[in-house]
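K.L.:
Please find upload-v7.txt (compact mmCIF, C-alpha atoms and all ligand atoms) on the next line:
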```
# COMPACT_ATOMS: atom_id res chain seq x y z
CA MET Z 243 47.53 -56.56 32.28
CA ALA Z 244 47.63 -58.51 29.07
CA THR Z 245 45.33 -61.26 30.27
CA ASP Z 246 42.67 -58.89 31.53
CA GLU Z 247 40.02 -60.02 29.08
CA LYS Z 248 40.37 -63.63 30.17
CA ASP Z 249 38.52 -65.22 33.00
CA ASN Z 250 40.61 -64.49 36.07
CA HIS Z 251 38.37 -65.96 38.74
CA TRP Z 252 40.91 -68.60 39.63
CA LYS Z 253 43.02 -65.87 41.15
CA GLU Z 254 40.32 -65.22 43.70
CA ASP Z 255 40.04 -68.88 44.50
CA PHE Z 256 43.77 -69.21 44.93
CA PRO Z 257 44.97 -65.84 46.16
CA ILE Z 258 48.59 -66.73 46.77
CA GLU Z 259 51.34 -65.04 44.86
CA GLN Z 260 54.03 -67.14 43.28
CA LEU Z 261 56.76 -65.82 45.57
CA GLU Z 262 54.77 -66.66 48.67
CA ALA Z 263 54.02 -70.15 47.45
CA THR Z 264 57.71 -71.07 47.32
CA GLN Z 265 58.53 -69.76 50.78
CA VAL Z 266 58.17 -71.65 54.03
CA THR Z 267 56.44 -69.32 56.41
CA ARG Z 268 57.44 -69.14 60.04
CA ARG Z 269 54.00 -70.46 60.90
CA ASP Z 270 54.61 -73.54 58.81
CA PHE Z 271 58.05 -73.96 60.30
CA ALA Z 272 56.65 -73.83 63.82
CA LYS Z 273 54.02 -76.40 62.90
CA PHE Z 274 56.65 -78.59 61.33
CA LEU Z 275 58.72 -78.43 64.51
CA CYS Z 276 55.67 -79.57 66.43
CA LEU Z 277 55.26 -82.47 64.03
CA VAL Z 278 58.90 -83.49 64.55
CA SER Z 279 58.29 -83.26 68.28
CA GLY Z 280 55.35 -85.64 67.96
CA GLY Z 281 57.47 -88.01 65.92
CA LEU Z 282 60.19 -88.06 68.56
CA ALA Z 283 57.64 -88.71 71.30
CA THR Z 284 56.29 -91.62 69.25
CA GLY Z 285 59.82 -92.93 68.80
CA SER Z 286 60.44 -92.78 72.54
CA GLY Z 287 57.18 -94.64 73.07
CA TYR Z 288 58.29 -97.34 70.66
CA VAL Z 289 61.61 -97.72 72.48
CA ALA Z 290 59.83 -97.91 75.84
CA VAL Z 291 57.38 -100.57 74.66
CA LYS Z 292 60.07 -102.57 72.90
CA ALA Z 293 62.41 -102.44 75.89
CA ASN Z 294 59.79 -103.34 78.48
CA PHE Z 295 57.58 -105.86 76.71
CA PHE Z 296 59.67 -107.37 73.91
CA PRO Z 297 63.15 -107.98 75.29
CA PRO Z 298 65.72 -109.36 72.83
CA GLU Z 299 65.74 -113.12 72.52
CA LYS Z 300 68.35 -115.02 74.44
CA VAL Z 301 70.53 -117.70 72.94
CA GLN Z 302 69.01 -121.02 73.94
CA GLY Z 303 71.22 -123.89 74.96
CA GLU Z 304 74.75 -124.61 73.89
CA HIS Z 305 76.01 -124.57 70.34
CA LEU Z 306 79.05 -126.28 68.89
CA VAL Z 307 81.38 -123.91 67.05
CA CYS Z 308 84.42 -125.96 66.11
CA LYS Z 309 87.22 -128.11 67.44
CA LYS Z 310 90.03 -126.65 69.49
CA SER Z 311 92.61 -127.88 67.01
CA GLU Z 312 90.99 -125.90 64.19
CA LEU Z 313 91.80 -122.63 65.89
CA PRO Z 314 95.46 -121.68 66.44
CA LYS Z 315 96.46 -119.25 69.17
CA GLY Z 316 95.71 -115.69 68.09
CA GLY Z 317 93.26 -117.04 65.55
CA THR Z 318 89.62 -116.14 65.08
CA ARG Z 319 86.61 -117.80 63.58
CA SER Z 320 83.31 -116.31 62.49
CA PHE Z 321 80.17 -118.29 63.09
CA VAL Z 322 76.41 -118.02 63.26
CA ILE Z 323 74.09 -119.87 65.56
CA THR Z 324 71.49 -121.98 63.80
CA GLY Z 325 68.17 -120.20 63.65
CA SER Z 326 69.64 -116.72 63.89
CA THR Z 327 71.44 -114.38 61.51
CA ILE Z 328 73.60 -112.54 64.02
CA PRO Z 329 77.28 -112.95 63.14
CA TYR Z 330 79.58 -113.91 65.99
CA ILE Z 331 83.31 -114.11 66.28
CA LEU Z 332 85.24 -116.66 68.32
CA ILE Z 333 88.71 -115.59 69.39
CA ARG Z 334 91.50 -117.72 70.80
CA LEU Z 335 93.72 -115.20 72.54
CA GLU Z 336 97.48 -115.61 72.75
CA THR Z 337 97.00 -116.41 76.45
CA ASP Z 338 94.97 -119.45 75.32
CA GLU Z 339 91.69 -118.01 76.56
CA PHE Z 340 88.57 -118.24 74.43
CA ARG Z 341 86.14 -115.39 73.91
CA ALA Z 342 83.05 -115.06 71.74
CA TYR Z 343 81.41 -111.76 70.83
CA GLU Z 344 78.79 -110.49 68.45
CA GLN Z 345 80.73 -109.43 65.38
CA LYS Z 346 78.76 -106.23 65.12
CA CYS Z 347 80.16 -102.95 66.32
CA THR Z 348 77.84 -101.28 68.84
CA HIS Z 349 78.34 -97.98 67.02
CA LEU Z 350 76.95 -98.57 63.53
CA SER Z 351 77.09 -102.35 63.18
CA CYS Z 352 80.28 -102.71 61.16
CA ALA Z 353 82.07 -106.05 61.41
CA VAL Z 354 84.79 -106.06 64.05
CA PHE Z 355 88.12 -107.92 63.88
CA TYR Z 356 90.62 -109.22 66.38
CA MET Z 357 93.97 -107.51 66.04
CA PRO Z 358 96.43 -110.39 66.61
CA LYS Z 359 98.94 -110.03 69.47
CA SER Z 360 97.31 -106.85 70.77
CA GLY Z 361 94.51 -108.22 72.89
CA LYS Z 362 92.18 -105.72 71.22
CA ILE Z 363 89.27 -105.92 68.83
CA GLU Z 364 89.21 -103.29 66.14
CA CYS Z 365 86.31 -101.75 64.30
CA PRO Z 366 87.83 -100.33 61.11
CA CYS Z 367 84.87 -98.13 60.22
CA HIS Z 368 85.46 -95.31 62.69
CA ASP Z 369 88.51 -96.60 64.54
CA GLY Z 370 86.67 -98.09 67.50
CA TRP Z 371 88.55 -100.41 69.84
CA PHE Z 372 87.31 -103.05 72.27
CA ASP Z 373 89.09 -105.09 74.90
CA ALA Z 374 89.27 -108.65 73.63
CA LEU Z 375 89.11 -110.03 77.18
CA THR Z 376 85.93 -108.29 78.28
CA GLY Z 377 84.37 -106.67 75.21
CA GLU Z 378 84.62 -103.29 76.93
CA VAL Z 379 85.11 -100.19 74.78
CA LEU Z 380 88.70 -98.91 74.91
CA ALA Z 381 88.55 -96.07 72.41
CA GLY Z 382 86.48 -94.58 69.66
CA PRO Z 383 82.81 -93.89 69.14
CA PRO Z 384 81.10 -97.18 70.19
CA PRO Z 385 78.74 -96.40 73.07
CA ARG Z 386 78.37 -99.90 74.51
CA PRO Z 387 80.55 -102.97 75.06
CA LEU Z 388 80.29 -105.80 72.55
CA PRO Z 389 77.57 -108.34 73.42
CA ARG Z 390 79.27 -111.48 74.58
CA LEU Z 391 78.69 -115.20 74.53
CA GLU Z 392 80.04 -117.59 77.10
CA VAL Z 393 82.55 -120.12 75.77
CA VAL Z 394 82.42 -123.62 77.18
CA ILE Z 395 85.20 -126.09 76.41
CA LYS Z 396 84.28 -129.76 76.52
CA GLY Z 397 87.33 -131.83 75.75
CA GLU Z 398 88.25 -130.89 72.20
CA ASP Z 399 84.99 -129.16 71.33
CA ILE Z 400 84.21 -125.49 71.76
CA TYR Z 401 80.63 -124.57 72.63
CA VAL Z 402 79.00 -121.19 73.18
CA LYS Z 403 76.00 -120.26 75.30
CA GLU Z 404 74.23 -117.16 76.62
CA PHE Z 405 76.49 -115.00 78.75
CA GLU Z 406 75.03 -114.26 82.16
CA THR Z 407 75.67 -110.64 83.05
CA ASN Z 408 75.79 -109.43 86.60
CA ALA Z 409 72.12 -108.60 87.15
CA ALA Z 410 72.74 -105.89 89.74
CA ASN Z 411 74.87 -103.90 87.34
CA PRO Z 412 74.13 -104.65 83.68
CA PHE Z 413 76.88 -102.31 82.50
CA ASN Z 414 79.51 -104.36 84.25
CA THR Z 415 80.36 -107.20 81.90
CA SER Z 416 83.89 -107.60 83.18
CA SER Z 417 83.06 -110.21 85.81
CA THR Z 418 83.37 -113.75 84.55
CA MET Y 87 37.22 -50.97 58.32
CA SER Y 88 39.98 -51.10 60.84
CA ASN Y 89 39.64 -52.48 64.33
CA PHE Y 90 41.84 -52.33 67.40
CA ARG Y 91 43.85 -55.44 66.59
CA GLU Y 92 44.60 -54.33 63.10
CA ALA Y 93 45.63 -50.88 64.19
CA GLN Y 94 47.93 -52.42 66.78
CA ASN Y 95 49.51 -54.68 64.22
CA GLN Y 96 50.09 -51.79 61.92
CA ALA Y 97 51.56 -49.62 64.63
CA HIS Y 98 53.91 -52.33 65.95
CA PRO Y 99 54.71 -54.74 63.15
CA ASN Y 100 57.68 -56.14 65.11
CA LYS Y 101 55.48 -57.70 67.76
CA THR Y 102 54.55 -60.62 65.54
CA SER Y 103 58.20 -61.20 64.75
CA THR Y 104 59.18 -61.29 68.41
CA LEU Y 105 56.36 -63.66 69.24
CA MET Y 106 57.23 -65.91 66.33
CA LEU Y 107 60.89 -65.99 67.31
CA ALA Y 108 60.06 -66.92 70.90
CA LEU Y 109 57.74 -69.69 69.72
CA ILE Y 110 60.27 -71.17 67.36
CA VAL Y 111 63.13 -70.99 69.85
CA ILE Y 112 61.08 -72.81 72.50
CA LEU Y 113 59.99 -75.44 69.99
CA ILE Y 114 63.58 -76.02 68.90
CA MET Y 115 64.63 -76.40 72.54
CA ASN Y 116 61.83 -78.92 73.10
CA VAL Y 117 62.88 -80.92 70.08
CA SER Y 118 66.53 -80.91 71.18
CA LEU Y 119 65.54 -82.23 74.59
CA GLN Y 120 63.45 -84.93 72.96
CA ILE Y 121 66.32 -85.99 70.71
CA TRP Y 122 68.53 -86.28 73.76
CA LEU Y 123 65.88 -88.27 75.65
CA LEU Y 124 65.39 -90.66 72.73
CA TYR Y 125 69.14 -91.14 72.29
CA THR Y 126 69.64 -91.84 75.97
CA ALA Y 127 66.66 -94.17 76.26
CA LEU Y 128 67.73 -96.12 73.18
CA ASN Y 129 71.33 -96.52 74.28
CA ASN Y 130 70.30 -97.62 77.74
CA ALA Y 131 67.70 -100.01 76.43
CA LEU Y 132 70.28 -101.61 74.14
CA ALA Y 133 72.62 -101.96 77.11
CA GLU Y 134 69.81 -103.87 78.84
CA ASN Y 135 69.12 -101.03 81.21
CA THR Y 136 65.44 -100.60 80.43
CA ASP Y 137 64.34 -98.62 83.47
CA ILE Y 138 64.95 -95.29 81.81
CA ALA Y 139 62.89 -95.96 78.66
CA PHE Y 140 59.44 -95.36 80.14
CA PRO Y 141 60.21 -92.14 82.08
CA ALA Y 142 61.97 -90.84 78.96
CA PHE Y 143 58.84 -91.52 76.93
CA ILE Y 144 56.65 -89.68 79.46
CA ALA Y 145 58.99 -86.70 79.43
CA SER Y 146 59.11 -86.68 75.65
CA PHE Y 147 55.34 -86.86 75.42
CA VAL Y 148 54.88 -84.00 77.89
CA LEU Y 149 57.30 -81.92 75.84
CA PHE Y 150 55.27 -82.68 72.75
CA LEU Y 151 52.06 -81.60 74.50
CA ILE Y 152 53.73 -78.38 75.59
CA GLY Y 153 54.85 -77.77 72.02
CA ALA Y 154 51.42 -78.49 70.62
CA GLY Y 155 49.71 -76.23 73.16
CA TRP Y 156 52.31 -73.59 72.47
CA LEU Y 157 51.10 -73.42 68.86
CA TYR Y 158 47.89 -71.83 70.18
CA PHE Y 159 49.88 -68.62 70.53
CA LEU Y 160 50.91 -68.56 66.89
CA PRO Y 161 50.15 -65.07 65.63
CA ASN Y 162 47.48 -64.98 62.98
CA GLN Y 163 48.45 -64.66 59.42
CA VAL Y 164 48.30 -61.04 58.34
CA ARG Y 165 45.60 -61.16 55.72
CA ARG Y 166 45.71 -58.84 52.84
CA LYS Y 167 42.25 -57.35 52.75
CA ASN Y 168 42.01 -56.15 49.23
CA ILE Y 169 43.22 -58.40 46.52
CA ASN Y 170 43.37 -56.49 43.29
CA PHE Y 171 44.49 -58.24 40.22
S1 LIG X 1 80.78 -98.71 63.30
FE1 LIG X 1 82.35 -99.36 64.61
S2 LIG X 1 83.23 -97.50 65.20
FE2 LIG X 1 81.59 -96.81 63.93
```
Can you turn what I pasted into structure tokens?

P.N.:
Amino acid sequence: MATDEKDNHWKEDFPIEQLEATQVTRRDFAKFLCLVSGGLATGSGYVAVKANFFPPEKVQGEHLVCKKSELPKGGTRSFVITGSTIPYILIRLETDEFRAYEQKCTHLSCAVFYMPKSGKIECPCHDGWFDALTGEVLAGPPPRPLPRLEVVIKGEDIYVKEFETNAANPFNTSST
Amino acid sequence: MSNFREAQNQAHPNKTSTLMLALIVILIMNVSLQIWLLYTALNNALAENTDIAFPAFIASFVLFLIGAGWLYFLPNQVRRKNINF
């Protein structure tokens, strides 16, 4: 070897050949899988703690959105509730019913839109569809119905408040 | 000097491979199960169905412990005895 006269002790201290150093050994891969496993267990723990001890905040009280006359039939209006950043959408259906939902798709949080005259809410991102009457998923990838607010009409004013789901069956949001 | 273990390893070099493969396959299966558990727990928790979150965490944690204990059976690195530069 050309470098034989030089001090080669470092090779004894670090006896790994270049080729080996760039390869992931199966041992390392197995250990890495174990690390991922630990990470997933931690994630599950986080979900469990969050779900059991820190439930999402409820909307407190009633909030004025707008006047009835400002919203034609088939029209929609986006709004936020003071003190929160969640976007909501208020829909006046062609049947003159009012509905309010979170304007965030339950799939990947894209903004959803009411498709006029169809009675459906569309998420353009991955072609997800919701029922405008109930918020239920009709088609596409969203896994859960849209979170809903209760609409209260007082004379000419439209208010929203927390929607009370059927406690016995949280998945059933169709009952009004 | 050669001992029994070394002689065995030299006579059957495939044994380590088989063991390694089994280990990795089991670990991958554990991780897949955990991904599924996490996905399910999260979706249910977001749908305000929180009952499943805690059992899912327990199951996930047990799977992790199994995986970690499983690493005990990792075959030793085959050490090159004589390093000649
Ligand atoms: S974000 Fe709405 S369908 Fe994917």

K.L.:
Between CA of Ala131 (chain Y) and CA of Glu299 (chain Z), what is the distance, to one decimal in Å?

P.N.:
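According to the coordinates, CA of Ala131 (chain Y) and CA of Glu299 (chain Z) are separated by 13.8 Å.
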
K.L.:
Could you list, as a list in words, all the residues within 10 Å of ligand LIG 1 (chain X), counting all atoms listed in the file?

P.N.:
Lys346, Cys347, Thr348, His349, Leu350, Ser351, Cys352, Ala353, Val354, Glu364, Cys365, Pro366, Cys367, His368, Asp369, Gly370, Trp371, Phe372, Ala381, Gly382, Pro383, Pro384 and Pro385 of chain Z

K.L.:
Find the distance between CA of Ala142 (chain Y) and CA of Ala290 (chain Z) and write it in Å to one decimal.

P.N.:
8.0 Å

K.L.:
Neighbourhood query: residues within 6 Å of (64.4, -97.0, 74.6), file coordinates, counting all atoms listed in the file; return as a list in words.

P.N.:
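Neighbouring residues, ordered by chain and number, come to Val289, Ala290 and Ala293 of chain Z; Ala127, Leu128, Ala131 and Ala139 of chain Y.
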
K.L.:
Just want the 12 Å neighbourhood of Gly361 (chain Z), counted on all atoms listed in the file, with same-chain residues fewer than 6 positions away dropped. Output as a PyMOL selection string.

P.N.:
chain Z and resi 315-317+333-341+355+371-378+380

K.L.:
Could you give me, as JSON lines, every chain Z residue with an atom at most 10 Å from chain Y, plus its closest atom pair and distance in Å to one decimal, counting only C-alpha atoms, rows ordered by chain then number?

P.N.:
```
{"residue": "Z:Met243", "atom": "CA", "partner": "Y:Phe171", "partner_atom": "CA", "distance": 8.7}
{"residue": "Z:Asp246", "atom": "CA", "partner": "Y:Phe171", "partner_atom": "CA", "distance": 8.9}
{"residue": "Z:Asn250", "atom": "CA", "partner": "Y:Phe171", "partner_atom": "CA", "distance": 8.4}
{"residue": "Z:His251", "atom": "CA", "partner": "Y:Phe171", "partner_atom": "CA", "distance": 10.0}
{"residue": "Z:Lys253", "atom": "CA", "partner": "Y:Phe171", "partner_atom": "CA", "distance": 7.8}
{"residue": "Z:Glu254", "atom": "CA", "partner": "Y:Ile169", "partner_atom": "CA", "distance": 7.9}
{"residue": "Z:Pro257", "atom": "CA", "partner": "Y:Ile169", "partner_atom": "CA", "distance": 7.7}
{"residue": "Z:Ile258", "atom": "CA", "partner": "Y:Ile169", "partner_atom": "CA", "distance": 9.9}
{"residue": "Z:Thr267", "atom": "CA", "partner": "Y:Gln163", "partner_atom": "CA", "distance": 9.7}
{"residue": "Z:Arg268", "atom": "CA", "partner": "Y:Met106", "partner_atom": "CA", "distance": 7.1}
{"residue": "Z:Arg269", "atom": "CA", "partner": "Y:Leu160", "partner_atom": "CA", "distance": 7.0}
{"residue": "Z:Phe271", "atom": "CA", "partner": "Y:Ile110", "partner_atom": "CA", "distance": 7.9}
{"residue": "Z:Ala272", "atom": "CA", "partner": "Y:Ile110", "partner_atom": "CA", "distance": 5.7}
{"residue": "Z:Lys273", "atom": "CA", "partner": "Y:Leu157", "partner_atom": "CA", "distance": 7.3}
{"residue": "Z:Phe274", "atom": "CA", "partner": "Y:Leu113", "partner_atom": "CA", "distance": 9.8}
{"residue": "Z:Leu275", "atom": "CA", "partner": "Y:Leu113", "partner_atom": "CA", "distance": 6.4}
{"residue": "Z:Cys276", "atom": "CA", "partner": "Y:Gly153", "partner_atom": "CA", "distance": 5.9}
{"residue": "Z:Leu277", "atom": "CA", "partner": "Y:Ala154", "partner_atom": "CA", "distance": 8.6}
{"residue": "Z:Val278", "atom": "CA", "partner": "Y:Val117", "partner_atom": "CA", "distance": 7.3}
{"residue": "Z:Ser279", "atom": "CA", "partner": "Y:Phe150", "partner_atom": "CA", "distance": 5.4}
{"residue": "Z:Gly280", "atom": "CA", "partner": "Y:Phe150", "partner_atom": "CA", "distance": 5.6}
{"residue": "Z:Gly281", "atom": "CA", "partner": "Y:Phe150", "partner_atom": "CA", "distance": 8.9}
{"residue": "Z:Leu282", "atom": "CA", "partner": "Y:Gln120", "partner_atom": "CA", "distance": 6.3}
{"residue": "Z:Ala283", "atom": "CA", "partner": "Y:Ser146", "partner_atom": "CA", "distance": 5.0}
{"residue": "Z:Thr284", "atom": "CA", "partner": "Y:Phe147", "partner_atom": "CA", "distance": 7.9}
{"residue": "Z:Gly285", "atom": "CA", "partner": "Y:Leu124", "partner_atom": "CA", "distance": 7.2}
{"residue": "Z:Ser286", "atom": "CA", "partner": "Y:Phe143", "partner_atom": "CA", "distance": 4.8}
{"residue": "Z:Gly287", "atom": "CA", "partner": "Y:Phe143", "partner_atom": "CA", "distance": 5.2}
{"residue": "Z:Tyr288", "atom": "CA", "partner": "Y:Phe143", "partner_atom": "CA", "distance": 8.6}
{"residue": "Z:Val289", "atom": "CA", "partner": "Y:Leu128", "partner_atom": "CA", "distance": 6.4}
{"residue": "Z:Ala290", "atom": "CA", "partner": "Y:Ala139", "partner_atom": "CA", "distance": 4.6}
{"residue": "Z:Val291", "atom": "CA", "partner": "Y:Phe140", "partner_atom": "CA", "distance": 7.8}
{"residue": "Z:Lys292", "atom": "CA", "partner": "Y:Ala131", "partner_atom": "CA", "distance": 8.8}
{"residue": "Z:Ala293", "atom": "CA", "partner": "Y:Thr136", "partner_atom": "CA", "distance": 5.8}
{"residue": "Z:Asn294", "atom": "CA", "partner": "Y:Thr136", "partner_atom": "CA", "distance": 6.6}
{"residue": "Z:Pro297", "atom": "CA", "partner": "Y:Glu134", "partner_atom": "CA", "distance": 8.6}
{"residue": "Z:Pro298", "atom": "CA", "partner": "Y:Leu132", "partner_atom": "CA", "distance": 9.1}
{"residue": "Z:Thr348", "atom": "CA", "partner": "Y:Leu132", "partner_atom": "CA", "distance": 9.2}
{"residue": "Z:Pro385", "atom": "CA", "partner": "Y:Asn129", "partner_atom": "CA", "distance": 7.5}
{"residue": "Z:Arg386", "atom": "CA", "partner": "Y:Ala133", "partner_atom": "CA", "distance": 6.6}
{"residue": "Z:Pro387", "atom": "CA", "partner": "Y:Ala133", "partner_atom": "CA", "distance": 8.3}
{"residue": "Z:Leu388", "atom": "CA", "partner": "Y:Ala133", "partner_atom": "CA", "distance": 9.7}
{"residue": "Z:Pro389", "atom": "CA", "partner": "Y:Ala133", "partner_atom": "CA", "distance": 8.9}
{"residue": "Z:Thr407", "atom": "CA", "partner": "Y:Glu134", "partner_atom": "CA", "distance": 9.9}
{"residue": "Z:Ala409", "atom": "CA", "partner": "Y:Glu134", "partner_atom": "CA", "distance": 9.8}
{"residue": "Z:Asn411", "atom": "CA", "partner": "Y:Asn135", "partner_atom": "CA", "distance": 8.9}
{"residue": "Z:Pro412", "atom": "CA", "partner": "Y:Glu134", "partner_atom": "CA", "distance": 6.5}
{"residue": "Z:Phe413", "atom": "CA", "partner": "Y:Ala133", "partner_atom": "CA", "distance": 6.9}
```

K.L.:
For the selection you just gave me, I'd like the residues written to a file as a PDB file, keeping the file's coordinate frame, keeping C-alpha atoms.

P.N.:
```pdb
ATOM      1  CA  MET Z 243      47.530 -56.560  32.280  1.00  0.00           C
ATOM      2  CA  ASP Z 246      42.670 -58.890  31.530  1.00  0.00           C
ATOM      3  CA  ASN Z 250      40.610 -64.490  36.070  1.00  0.00           C
ATOM      4  CA  HIS Z 251      38.370 -65.960  38.740  1.00  0.00           C
ATOM      5  CA  LYS Z 253      43.020 -65.870  41.150  1.00  0.00           C
ATOM      6  CA  GLU Z 254      40.320 -65.220  43.700  1.00  0.00           C
ATOM      7  CA  PRO Z 257      44.970 -65.840  46.160  1.00  0.00           C
ATOM      8  CA  ILE Z 258      48.590 -66.730  46.770  1.00  0.00           C
ATOM      9  CA  THR Z 267      56.440 -69.320  56.410  1.00  0.00           C
ATOM     10  CA  ARG Z 268      57.440 -69.140  60.040  1.00  0.00           C
ATOM     11  CA  ARG Z 269      54.000 -70.460  60.900  1.00  0.00           C
ATOM     12  CA  PHE Z 271      58.050 -73.960  60.300  1.00  0.00           C
ATOM     13  CA  ALA Z 272      56.650 -73.830  63.820  1.00  0.00           C
ATOM     14  CA  LYS Z 273      54.020 -76.400  62.900  1.00  0.00           C
ATOM     15  CA  PHE Z 274      56.650 -78.590  61.330  1.00  0.00           C
ATOM     16  CA  LEU Z 275      58.720 -78.430  64.510  1.00  0.00           C
ATOM     17  CA  CYS Z 276      55.670 -79.570  66.430  1.00  0.00           C
ATOM     18  CA  LEU Z 277      55.260 -82.470  64.030  1.00  0.00           C
ATOM     19  CA  VAL Z 278      58.900 -83.490  64.550  1.00  0.00           C
ATOM     20  CA  SER Z 279      58.290 -83.260  68.280  1.00  0.00           C
ATOM     21  CA  GLY Z 280      55.350 -85.640  67.960  1.00  0.00           C
ATOM     22  CA  GLY Z 281      57.470 -88.010  65.920  1.00  0.00           C
ATOM     23  CA  LEU Z 282      60.190 -88.060  68.560  1.00  0.00           C
ATOM     24  CA  ALA Z 283      57.640 -88.710  71.300  1.00  0.00           C
ATOM     25  CA  THR Z 284      56.290 -91.620  69.250  1.00  0.00           C
ATOM     26  CA  GLY Z 285      59.820 -92.930  68.800  1.00  0.00           C
ATOM     27  CA  SER Z 286      60.440 -92.780  72.540  1.00  0.00           C
ATOM     28  CA  GLY Z 287      57.180 -94.640  73.070  1.00  0.00           C
ATOM     29  CA  TYR Z 288      58.290 -97.340  70.660  1.00  0.00           C
ATOM     30  CA  VAL Z 289      61.610 -97.720  72.480  1.00  0.00           C
ATOM     31  CA  ALA Z 290      59.830 -97.910  75.840  1.00  0.00           C
ATOM     32  CA  VAL Z 291      57.380-100.570  74.660  1.00  0.00           C
ATOM     33  CA  LYS Z 292      60.070-102.570  72.900  1.00  0.00           C
ATOM     34  CA  ALA Z 293      62.410-102.440  75.890  1.00  0.00           C
ATOM     35  CA  ASN Z 294      59.790-103.340  78.480  1.00  0.00           C
ATOM     36  CA  PRO Z 297      63.150-107.980  75.290  1.00  0.00           C
ATOM     37  CA  PRO Z 298      65.720-109.360  72.830  1.00  0.00           C
ATOM     38  CA  THR Z 348      77.840-101.280  68.840  1.00  0.00           C
ATOM     39  CA  PRO Z 385      78.740 -96.400  73.070  1.00  0.00           C
ATOM     40  CA  ARG Z 386      78.370 -99.900  74.510  1.00  0.00           C
ATOM     41  CA  PRO Z 387      80.550-102.970  75.060  1.00  0.00           C
ATOM     42  CA  LEU Z 388      80.290-105.800  72.550  1.00  0.00           C
ATOM     43  CA  PRO Z 389      77.570-108.340  73.420  1.00  0.00           C
ATOM     44  CA  THR Z 407      75.670-110.640  83.050  1.00  0.00           C
ATOM     45  CA  ALA Z 409      72.120-108.600  87.150  1.00  0.00           C
ATOM     46  CA  ASN Z 411      74.870-103.900  87.340  1.00  0.00           C
ATOM     47  CA  PRO Z 412      74.130-104.650  83.680  1.00  0.00           C
ATOM     48  CA  PHE Z 413      76.880-102.310  82.500  1.00  0.00           C
TER      49      PHE Z 413
END
```

K.L.:
Considering all atoms listed in the file, can you say which of Z:Thr327, Z:Tyr343, Z:Glu398, Z:Thr318 comes closest to Met357 (chain Z)?

P.N.:
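Nearest candidate to Met357 (chain Z) out of Z:Thr327, Z:Tyr343, Z:Glu398, Z:Thr318: Z:Thr318.
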
K.L.:
What's around Lys403 (chain Z) at 8 Å? Count only C-alpha atoms, leave out sequence neighbours fewer than 3 positions away in its own chain, and write the answer as a short mmCIF file (atom, residue, chain, number, x, y, z; two decimals) with C-alpha atoms, keeping the file's coordinate frame.

P.N.:
```
data_model
loop_
_atom_site.label_atom_id
_atom_site.label_comp_id
_atom_site.auth_asym_id
_atom_site.auth_seq_id
_atom_site.Cartn_x
_atom_site.Cartn_y
_atom_site.Cartn_z
CA VAL Z 301 70.53 -117.70 72.94
CA GLN Z 302 69.01 -121.02 73.94
CA GLY Z 303 71.22 -123.89 74.96
CA GLU Z 304 74.75 -124.61 73.89
CA HIS Z 305 76.01 -124.57 70.34
CA LEU Z 391 78.69 -115.20 74.53
CA GLU Z 392 80.04 -117.59 77.10
CA VAL Z 393 82.55 -120.12 75.77
CA VAL Z 394 82.42 -123.62 77.18
#
```

K.L.:
Please report the interatomic distance between CA of Val402 (chain Z) and CA of Phe295 (chain Z) in Å with one decimal.

P.N.:
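So the answer is 26.6 Å.
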